[in-house]
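Trainee: Got a structure for you, written out below as structure tokens; questions coming shortly.
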Amino acid sequence: MKLLASPQDYKHCVREHAAFTLANEAGSESDKPFNTILGLLNGYMADSRSMTILEPLSRKYYRYIRRPRVRQLIYNVFGPVPRDATLLNSVLEVCYGTSLLPEKLDEPKALIDFVESLMEITPTNYKLALSVYKLTMNFCHPSVSANAIKFWACSNLINSIFQAIPVAPEYIWLEAATVMRNSEILDVSVRFHQQAVSVYPFSIKLWRSYLDICRSTDDIDKIVKCARERGVELS
């Protein structure tokens, strides 16, 4: 069925196949569930029907450039459009539910290796990165430093959002800003908010979040002034 499926039906077939395979694995003695899932994903993502690329309209103009070298030069300057993470996330949802990850960190190193492998496939998978960060917020394990794993999760989250093409929706920036407000890495959170309000300069919620994390600094007046210049009143 999977071989005959159209690109539109391929996602549904993949979900069903993943659920069936994992149900069989649940009754086995396998102690490497992450390897099983990665094996499935590598097979699914190798299929041409999984290669959904959402190319922004602003990039399509260079297709009409007649000179191949100029066209290639412009493409290289822009860089490739990241692969869509919808299919990968749908498989993870079958495995773990809407969190996309197991609820407990029984083996932190195994989970870190698993997430790194997933992010290599879809570097701009900000939904997965958000779930990882939330999972590590209350992290406590004797084998791994809590601060180290939080910094790793924070870096993944920021990189995935900054690299996203098209730009990540406002609610993703806001959700990331909200969880990072509780981060002990204040400088990183401040820089993230600076980028967020530059991408969505008219977002009142992002400006307010930016103001809240800077209340302990001397930048409050500057932030209020910058927001006012964009028509956002924070006072």
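Chain labels run A, B, ... following the order of the structure tokens; each chain numbers its residues from 1, and ligands are numbered from 1 in the order shown.
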Taking 3 positions as the minimum chain separation for residues in the same chain, which residues sit within 12 Å of Ile220 in chain A when counting only C-alpha atoms? Answer as a short mmCIF file (atom, residue, chain, number, x, y, z; two decimals) with C-alpha atoms, in the first residue's frame.

Mentor:
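Saved file out-v9.cif follows:
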data_model
loop_
_atom_site.label_atom_id
_atom_site.label_comp_id
_atom_site.auth_asym_id
_atom_site.auth_seq_id
_atom_site.Cartn_x
_atom_site.Cartn_y
_atom_site.Cartn_z
CA TRP A 207 7.45 43.19 23.35
CA ARG A 208 5.89 42.64 26.77
CA SER A 209 7.83 39.43 27.22
CA TYR A 210 11.01 41.27 26.24
CA LEU A 211 10.26 44.01 28.75
CA ASP A 212 9.56 41.52 31.54
CA ILE A 213 12.90 39.73 31.26
CA CYS A 214 14.77 43.04 31.23
CA ARG A 215 13.16 44.54 34.33
CA SER A 216 16.27 43.78 36.34
CA THR A 217 18.47 45.67 33.86
CA ILE A 223 12.82 48.94 25.17
CA VAL A 224 9.73 51.07 25.81
CA LYS A 225 11.05 53.70 23.40
CA CYS A 226 11.82 51.15 20.66
CA ALA A 227 8.37 49.62 21.03
CA LEU A 234 4.13 49.21 26.84
CA SER A 235 3.69 51.75 29.62
#

Trainee: Which of these residues is nearest to Val144 in chain A, using only C-alpha atoms: A:Ala168, A:Ala110, A:Ile161, A:Ile121?

Mentor: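 Closest to Val144 in chain A, using only C-alpha atoms: A:Ala110.
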
Trainee: What's the separation between CA of Glu120 in chain A and CA of Asn156 in chain A, in Å to one decimal place?

Mentor: 10.9 Å

Trainee: Which residue gives the smallest distance to Lys11 in chain A among A:Leu87, A:Val70, A:Ile204, A:Leu157, with only C-alpha atoms counted?

Mentor: A:Leu87

Trainee: When distances are computed from only C-alpha atoms, which of A:Cys13, A:Pro108, A:Cys95, A:Phe20 shows the smallest separation from Ala146 in chain A?

Mentor: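 Using only C-alpha atoms, the shortest distance to Ala146 in chain A belongs to A:Pro108.
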
Trainee: If you run DSSP on this backbone, which residues of range 183-213 of chain A come out as helix (DSSP H, G or I), and could you give them as a list in words?

Mentor: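 Residues meeting the helix (DSSP H, G or I) criterion: Leu186, Asp187, Val188, Ser189, Val190, Arg191, Phe192, His193, Gln194, Gln195, Ala196, Val197, Ser198, Val199, Ile204, Lys205, Leu206, Trp207, Arg208, Ser209, Tyr210, Leu211, Asp212 and Ile213 of chain A.
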
Trainee: Tell me, in Å to one decimal, how far CA of Met119 in chain A is from CA of Ala85 in chain A.

Mentor: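 So the two atoms, CA of Met119 in chain A and CA of Ala85 in chain A, lie 9.6 Å apart.
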
Trainee: Using only C-alpha atoms, which residues sit within 10 Å of Ser155 in chain A once same-chain residues fewer than 6 positions away are excluded, as a PyMOL selection string?

Mentor: chain A and resi 129+133+149+188

Trainee: For Leu41 in chain A, which residue out of A:Thr124, A:Gln163, A:Val14, A:Tyr171 is the nearest one, using only C-alpha atoms?

Mentor: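 The shortest atom-to-atom distance to Leu41 in chain A comes from A:Val14.
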
Trainee: So what do you get for CA of Leu135 in chain A versus CA of Ser99 in chain A, distance-wise?

Mentor: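 Atom-to-atom, CA of Leu135 in chain A and CA of Ser99 in chain A are spaced 9.0 Å apart.
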
Trainee: Go through A:Ala19, A:Asp113, A:Leu73, A:Phe192 one by one, measure the shortest atom-to-atom distance of each to Glu93 in chain A using only C-alpha atoms, and give the residue with the smallest value.

Mentor: A:Ala19

Trainee: Can you pull out every residue within 9 Å of Met137 in chain A, counting only C-alpha atoms, but drop anything in the same chain fewer than 2 positions away, and send it as a PyMOL selection string?

Mentor: chain A and resi 132-135+139+146+150+179+182-183

Trainee: Find the residues around Arg15 in chain A up to 8 Å (only C-alpha atoms counted), leave out those fewer than 6 positions away in its own chain, and share them as a list in words.

Mentor: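 Selected residues are Ser90, Val91 and Val94 of chain A.
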